[in-house]
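Chemist: Structure: data05.cif, mmCIF, C-alpha atoms.
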data_final
loop_
_atom_site.label_atom_id
_atom_site.label_comp_id
_atom_site.auth_asym_id
_atom_site.auth_seq_id
_atom_site.Cartn_x
_atom_site.Cartn_y
_atom_site.Cartn_z
CA LEU A 1 57.54 -75.77 -68.19
CA LYS A 2 60.81 -75.11 -66.36
CA GLU A 3 61.04 -71.69 -67.97
CA SER A 4 57.44 -70.87 -67.02
CA GLY A 5 58.10 -71.27 -63.30
CA LEU A 6 54.67 -72.91 -62.90
CA ARG A 7 54.04 -73.91 -59.31
CA GLY A 8 51.34 -76.20 -57.99
CA ARG A 9 48.08 -74.32 -57.51
CA GLY A 10 46.84 -76.63 -54.77
CA GLY A 11 48.45 -74.65 -51.97
CA ALA A 12 51.99 -75.97 -51.46
CA GLY A 13 53.37 -74.12 -54.49
CA PHE A 14 55.94 -76.78 -55.39
CA PRO A 15 57.65 -76.25 -58.79
CA PHE A 16 55.69 -78.39 -61.25
CA ALA A 17 58.61 -79.07 -63.60
CA MET A 18 60.61 -80.64 -60.74
CA LYS A 19 57.80 -83.11 -60.08
CA LEU A 20 57.53 -83.87 -63.78
CA GLN A 21 61.25 -84.40 -64.20
CA ALA A 22 61.49 -86.68 -61.17
CA CYS A 23 58.67 -88.83 -62.50
CA ALA A 24 60.11 -88.84 -66.04
CA GLU A 25 63.54 -89.96 -64.83
CA ALA A 26 62.21 -92.81 -62.68
CA PRO A 27 63.49 -96.06 -64.30
CA VAL A 28 60.08 -97.78 -64.28
CA ASP A 29 57.81 -98.66 -67.19
CA GLN A 30 54.45 -98.12 -65.46
CA LYS A 31 53.74 -94.56 -64.32
CA TYR A 32 50.59 -92.59 -63.53
CA ILE A 33 49.19 -89.07 -63.76
CA VAL A 34 46.72 -88.10 -61.01
CA CYS A 35 44.59 -84.96 -60.91
CA ASN A 36 43.41 -83.91 -57.45
CA ALA A 37 39.87 -82.56 -57.97
CA ASP A 38 38.77 -83.12 -54.36
CA GLU A 39 37.94 -79.47 -53.80
CA GLY A 40 37.04 -79.54 -50.11
CA ASP A 41 37.96 -76.05 -48.94
CA PRO A 42 34.84 -74.14 -47.79
CA GLY A 43 33.77 -71.52 -50.31
CA ALA A 44 36.08 -72.77 -53.06
CA PHE A 45 34.63 -73.49 -56.50
CA SER A 46 37.38 -72.63 -59.01
CA ASP A 47 38.21 -76.30 -59.66
CA ARG A 48 34.53 -76.99 -60.20
CA TYR A 49 34.41 -74.18 -62.76
CA LEU A 50 37.29 -75.70 -64.72
CA LEU A 51 35.86 -79.22 -64.57
CA GLU A 52 32.45 -78.10 -65.79
CA GLN A 53 33.27 -75.22 -68.13
CA GLN A 54 36.76 -75.94 -69.50
CA PRO A 55 37.43 -79.67 -69.07
CA HIS A 56 39.56 -79.75 -72.24
CA LEU A 57 42.22 -77.66 -70.49
CA VAL A 58 42.46 -80.14 -67.61
CA LEU A 59 42.57 -83.16 -69.91
CA GLY A 60 45.08 -81.50 -72.24
CA GLY A 61 47.41 -80.74 -69.34
CA MET A 62 47.19 -84.29 -68.03
CA LEU A 63 47.83 -85.73 -71.49
CA ALA A 64 50.86 -83.48 -72.02
CA ALA A 65 52.28 -84.48 -68.62
CA GLY A 66 51.66 -88.13 -69.47
CA LEU A 67 53.55 -87.85 -72.75
CA ALA A 68 56.42 -86.05 -71.02
CA CYS A 69 56.99 -88.77 -68.43
CA SER A 70 55.80 -91.79 -70.46
CA ALA A 71 52.69 -92.46 -68.39
CA ARG A 72 49.77 -94.24 -70.02
CA HIS A 73 47.00 -93.71 -67.44
CA GLY A 74 45.52 -90.58 -65.92
CA PHE A 75 43.20 -90.61 -62.88
CA ILE A 76 40.91 -87.71 -62.02
CA TYR A 77 39.74 -87.87 -58.40
CA ILE A 78 36.51 -85.86 -58.14
CA ARG A 79 34.50 -85.45 -54.96
CA ALA A 80 31.10 -87.13 -55.13
CA GLU A 81 29.39 -83.85 -54.19
CA TYR A 82 30.16 -82.63 -57.74
CA PRO A 83 27.79 -84.83 -59.82
CA GLU A 84 27.51 -82.24 -62.61
CA ALA A 85 31.28 -82.03 -62.88
CA ILE A 86 31.59 -85.80 -62.99
CA GLY A 87 29.04 -86.09 -65.80
CA LEU A 88 30.58 -83.30 -67.86
CA MET A 89 34.10 -84.68 -67.41
CA GLU A 90 32.92 -88.14 -68.49
CA ALA A 91 31.47 -86.65 -71.67
CA ALA A 92 34.65 -84.65 -72.31
CA ILE A 93 36.80 -87.73 -71.78
CA THR A 94 34.76 -89.67 -74.35
CA ARG A 95 35.44 -86.96 -76.95
CA TYR A 96 39.06 -86.48 -75.94
CA GLN A 97 39.77 -90.20 -75.88
CA ALA A 98 38.68 -90.55 -79.49
CA LEU A 99 41.16 -87.83 -80.50
CA ALA A 100 43.97 -89.44 -78.49
CA ASP A 101 43.26 -92.84 -80.04
CA ARG A 102 43.40 -91.41 -83.57
CA ALA A 103 46.76 -89.85 -82.73
CA ASN A 104 47.97 -93.24 -81.42
CA GLN A 105 48.90 -91.72 -78.07
CA GLY A 106 47.57 -94.65 -76.04
CA PHE A 107 46.73 -92.54 -72.98
CA ARG A 108 43.63 -93.52 -70.98
CA PHE A 109 41.63 -91.34 -68.60
CA HIS A 110 39.83 -92.69 -65.53
CA ILE A 111 37.46 -90.91 -63.13
CA VAL A 112 37.43 -91.88 -59.47
CA ARG A 113 34.57 -90.64 -57.29
CA GLY A 114 35.65 -89.48 -53.86
CA ALA A 115 33.69 -90.35 -50.74
CA GLY A 116 33.64 -86.83 -49.34
CA ALA A 117 36.52 -87.10 -46.83
CA TYR A 118 38.30 -83.76 -46.44
CA ILE A 119 41.63 -85.50 -45.83
CA CYS A 120 41.60 -86.71 -49.44
CA GLY A 121 42.65 -83.24 -50.49
CA GLU A 122 46.13 -84.26 -49.25
CA GLU A 123 47.93 -86.03 -52.06
CA THR A 124 49.04 -89.23 -50.35
CA ALA A 125 45.67 -89.74 -48.65
CA LEU A 126 44.08 -89.31 -52.07
CA LEU A 127 46.36 -92.04 -53.49
CA ASN A 128 45.30 -94.38 -50.69
CA SER A 129 41.66 -93.67 -51.48
CA ILE A 130 42.13 -94.50 -55.18
CA GLU A 131 43.71 -97.81 -54.14
CA GLY A 132 40.69 -98.62 -51.97
CA LEU A 133 42.56 -98.11 -48.71
CA ARG A 134 41.76 -95.95 -45.70
CA PRO A 135 42.49 -92.32 -46.74
CA GLU A 136 45.39 -91.64 -44.40
CA VAL A 137 48.45 -89.47 -44.98
CA ARG A 138 51.51 -91.51 -45.93
CA VAL A 139 54.94 -91.02 -44.42
CA ARG A 140 57.32 -89.28 -46.85
CA PRO A 141 59.83 -90.05 -48.30
CA PRO A 142 59.30 -91.82 -50.60
CA TYR A 143 57.43 -89.10 -52.48
CA PRO A 144 54.74 -89.89 -55.06
CA ALA A 145 57.10 -89.08 -57.96
CA GLN A 146 59.19 -92.07 -56.85
CA GLU A 147 56.57 -94.34 -55.27
CA GLY A 148 52.97 -93.22 -55.60
CA LEU A 149 49.84 -94.88 -56.95
CA PHE A 150 50.07 -98.67 -56.66
CA GLY A 151 53.72 -98.19 -55.69
CA LYS A 152 54.63 -96.69 -59.08
CA PRO A 153 56.04 -93.24 -59.94
CA THR A 154 53.13 -90.80 -59.99
CA LEU A 155 52.81 -87.19 -61.05
CA LEU A 156 50.08 -85.71 -58.87
CA SER A 157 48.85 -82.13 -59.08
CA ASN A 158 45.57 -80.25 -58.85
CA VAL A 159 43.01 -79.16 -61.44
CA GLU A 160 44.21 -75.59 -61.91
CA THR A 161 47.84 -76.64 -62.37
CA PHE A 162 47.03 -79.04 -65.18
CA ALA A 163 44.71 -76.47 -66.78
CA ALA A 164 47.60 -74.00 -67.05
CA ILE A 165 49.80 -76.34 -69.12
CA PRO A 166 48.08 -76.00 -72.55
CA TRP A 167 48.51 -72.20 -72.47
CA ILE A 168 52.19 -72.55 -71.58
CA LEU A 169 52.75 -75.04 -74.41
CA ARG A 170 51.08 -72.70 -76.92
CA GLN A 171 52.52 -69.37 -75.77
CA GLY A 172 55.84 -70.46 -74.28
CA GLY A 173 57.33 -70.53 -70.81
CA ALA A 174 58.70 -67.00 -71.03
CA ALA A 175 55.24 -65.54 -71.68
CA PHE A 176 53.86 -67.28 -68.56
CA ALA A 177 56.86 -66.22 -66.47
CA ALA A 178 56.35 -62.59 -67.56
CA VAL A 179 53.06 -62.55 -65.63
CA GLY A 180 52.96 -62.51 -61.85
CA ASN A 181 55.40 -61.49 -59.19
CA GLY A 182 58.93 -62.89 -58.78
CA LYS A 183 58.92 -66.66 -58.35
CA SER A 184 55.11 -66.64 -58.22
CA THR A 185 54.53 -66.60 -61.97
CA GLY A 186 51.33 -66.73 -64.01
CA THR A 187 47.78 -66.27 -62.85
CA LYS A 188 45.55 -67.70 -60.12
CA LEU A 189 41.84 -68.43 -59.97
CA VAL A 190 40.08 -66.95 -56.95
CA SER A 191 36.58 -67.89 -55.74
CA LEU A 192 34.46 -65.03 -54.41
CA ASP A 193 31.08 -65.95 -52.96
CA HIS A 194 27.83 -64.06 -52.40
CA SER A 195 29.41 -61.95 -49.66
CA PHE A 196 30.84 -59.74 -52.44
CA ASN A 197 28.95 -57.37 -54.72
CA ARG A 198 30.29 -59.10 -57.83
CA PRO A 199 30.76 -62.77 -56.91
CA GLY A 200 32.32 -65.30 -59.26
CA VAL A 201 35.60 -66.90 -60.32
CA TYR A 202 38.33 -64.34 -61.04
CA GLU A 203 41.60 -65.03 -62.85
CA VAL A 204 44.16 -62.58 -61.49
CA ASP A 205 47.90 -62.10 -61.79
CA MET A 206 49.89 -63.64 -58.97
CA GLY A 207 50.88 -60.84 -56.59
CA LEU A 208 47.73 -58.78 -57.11
CA PRO A 209 47.08 -56.75 -53.92
CA LEU A 210 44.13 -58.16 -51.97
CA ASP A 211 42.55 -54.72 -51.78
CA ASP A 212 42.49 -54.51 -55.60
CA LEU A 213 40.76 -57.88 -55.78
CA ILE A 214 38.12 -57.05 -53.18
CA GLN A 215 37.42 -53.40 -53.92
CA ARG A 216 38.18 -52.90 -57.62
CA LEU A 217 37.22 -56.27 -59.11
CA ALA A 218 34.62 -57.61 -56.68
CA GLY A 219 33.08 -54.22 -55.89
CA GLY A 220 33.57 -54.58 -52.14
CA PHE A 221 31.53 -56.45 -49.57
CA ARG A 222 27.75 -56.47 -49.58
CA HIS A 223 27.65 -55.91 -45.83
CA PRO A 224 30.16 -54.46 -43.37
CA VAL A 225 32.80 -56.89 -42.14
CA LYS A 226 35.05 -56.83 -39.09
CA GLY A 227 38.36 -55.06 -39.62
#
Go ahead and express the file in the form of C-alpha cells.
Modeler:
Amino acid sequence: LKESGLRGRGGAGFPFAMKLQACAEAPVDQKYIVCNADEGDPGAFSDRYLLEQQPHLVLGGMLAAGLACSARHGFIYIRAEYPEAIGLMEAAITRYQALADRANQGFRFHIVRGAGAYICGEETALLNSIEGLRPEVRVRPPYPAQEGLFGKPTLLSNVETFAAIPWILRQGGAAFAAVGNGKSTGTKLVSLDHSFNRPGVYEVDMGLPLDDLIQRLAGGFRHPVKG
C-alpha cells in the first residue's frame, strides 16, 4: 500500500498507508475500521454504485485493513437515504461473514444508518454519530488513528478508498502507482448526471484533463452552459 501511493478518495487526499501504519502501531488491543459511506455531496453517486454493485470490493478492503492493524470490527456508516445500498450491503455482509468465519479471521462487519446530516461526511462528526452523540466536528489532535471511535485507534476512510485495496493487493503497489499523475496515483470514480449526453459513473486515471472527461467520454453537455 505504501508503494501504491493510494490517497484517500474522500477529498482530503491523505496517504492511506500513513493512516494504516499509525493505527497498526498504536499500542492498544481494541481498534476499529470505519467506512464513511455518507455520500452527501449533491450529484455524487459513485459510492452508491460501489455499495450496490461491487460491495465485495468495499468489504475486502476493510477486511484487509483490519488484518493489517489487528482490528476486529468494521463499521460502515451509510446514509439512510440509500435504502437499496443498505439492503444489498447487509446481504453481502452475510455472505462475506461466512467466508471470514471459515478462515478464522474473526472480523465482524456492522452497518450504521446515518440520519441524513451533511456534517457526518466529516470523519470526526461521523464518529460522534456512531457513538450516539451530536454529530459535531472534534478538535484535532488527537487524530482518529490515535483516538477515534469509542476513544480507540480507528482507521477511517471512504468507500472508494477501501474498494481500491483488493486490486492493489492482487496486482501490486507498483502497478497502481504506474497509473495516474505524479503523487496522484491510480484511478478515480467520477459521477456525471443527466446534464451530460452520456451520464454515468466513469473510472478515469488521476490527472485526466477535464475537457477529455466532458467532451470525449461524456459526449459534452446536453444543453449550453455558461463559460
Chemist: Pull the closest atom pair for each residue of segment 57-172 of chain A that gets at most 9 Å from segment 1-14 of chain A, along with the distance in Å to one decimal, counting only C-alpha atoms, ordering rows by chain and then ascending residue number, as a Markdown table.
Modeler:
| residue | atom | partner | partner_atom | distance |
| --- | --- | --- | --- | --- |
| A:Gly121 | CA | A:Gly10 | CA | 8.9 |
| A:Ser157 | CA | A:Gly8 | CA | 6.5 |
| A:Asn158 | CA | A:Gly10 | CA | 5.6 |
| A:Val159 | CA | A:Arg9 | CA | 8.0 |
| A:Glu160 | CA | A:Arg9 | CA | 6.0 |
| A:Thr161 | CA | A:Arg9 | CA | 5.4 |
| A:Phe162 | CA | A:Gly8 | CA | 8.9 |
| A:Ala164 | CA | A:Leu6 | CA | 8.3 |
| A:Ile165 | CA | A:Leu1 | CA | 7.8 |
| A:Ile168 | CA | A:Leu1 | CA | 7.1 |
| A:Leu169 | CA | A:Leu1 | CA | 7.9 |
| A:Gly172 | CA | A:Ser4 | CA | 7.4 |
Chemist: Given all atoms listed in the file as the basis, pick out the residue of A:Tyr202, A:Tyr118, A:Phe176, A:Phe16 nearest to Glu81 of chain A.
Modeler: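 Result for the nearest residue to Glu81 of chain A: A:Tyr118.
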Chemist: Which residues of segment 152-196 of chain A have any atom within 12 Å of an atom in segment 124-139 of chain A when counting all atoms listed in the file, and what is the closest pair of atoms for each, with the distance in Å to one decimal? Order the rows by chain and rising number and write it as CSV.
Modeler:
residue,atom,partner,partner_atom,distance
A:Lys152,CA,A:Leu127,CA,11.0
A:Pro153,CA,A:Leu127,CA,11.7
A:Thr154,CA,A:Leu127,CA,9.5
A:Leu155,CA,A:Leu127,CA,11.1
A:Leu156,CA,A:Leu127,CA,9.1
A:Ser157,CA,A:Leu126,CA,11.1
A:Asn158,CA,A:Leu126,CA,11.4
Chemist: Calculate how many Å separate atom CA of Glu39 of chain A from atom CA of Ile78 of chain A, rounding to one decimal.
Modeler: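 Atom CA of Glu39 of chain A sits 7.9 Å away from atom CA of Ile78 of chain A.
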Chemist: For atom CA of Gly200 of chain A and atom CA of Asn36 of chain A, determine how far apart the two atoms are, in Å to one decimal place.
Modeler: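 Atom CA of Asn36 of chain A lies at a distance of 21.7 Å from atom CA of Gly200 of chain A.
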Chemist: Given all atoms listed in the file as the basis, pick out the residue of A:Ala44, A:Leu192, A:Val204, A:Ala71 nearest to Ala218 of chain A.
Modeler: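 Of A:Ala44, A:Leu192, A:Val204, A:Ala71, the one nearest Ala218 of chain A is A:Leu192, counting all atoms listed in the file.
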Chemist: To one decimal place, how far is atom CA of Gly60 of chain A from atom CA of Glu203 of chain A in Å?
Modeler: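 So the answer is 19.3 Å.
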Chemist: Tell me which of A:Arg140, A:Cys120, A:Gly148, A:His56 sits closest to Ile33 of chain A, counting all atoms listed in the file.
Modeler: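 Going through A:Arg140, A:Cys120, A:Gly148, A:His56 one by one, the smallest distance to Ile33 of chain A is for A:Gly148.
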Chemist: My list of candidates is A:Ala98, A:Gly106, A:Asp41, A:Gly114. Which is closest to Tyr77 of chain A when distances are computed with only C-alpha atoms?
Modeler: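 With only C-alpha atoms as the atom set, the closest residue is A:Gly114.
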Chemist: Taking 3 positions as the minimum chain separation for residues in the same chain, which residues sit within 7 Å of Gly61 of chain A when counting all atoms listed in the file? Answer as number ranges by chain.
Modeler: A: 57-58, 64-65, 162-163, 165-166
Chemist: Could you list the residues chosen by the PyMOL selection byres ((chain A and resi 195) around 6) in this structure as number ranges by chain?
Modeler: A: 193-194, 196, 221-222
Chemist: Spell out the residues picked by the PyMOL selection byres ((chain A and resi 73) around 8) here, as an NGL selection string.
Modeler: :A and (31-33 or 66 or 71-72 or 74-75 or 107-110)
Chemist: Rank A:Ala24, A:Leu217, A:Ala92, A:Leu189 by their smallest atom-to-atom distance to Phe45 of chain A, using all atoms listed in the file, and report the top residue only.
Modeler: A:Leu189
Chemist: Rank A:Leu63, A:Glu122, A:Ala145, A:Cys35 by their smallest atom-to-atom distance to Met18 of chain A, using only C-alpha atoms, and report the top residue only.
Modeler: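 Checking each of A:Leu63, A:Glu122, A:Ala145, A:Cys35 against Met18 of chain A, counting only C-alpha atoms, the winner is A:Ala145.
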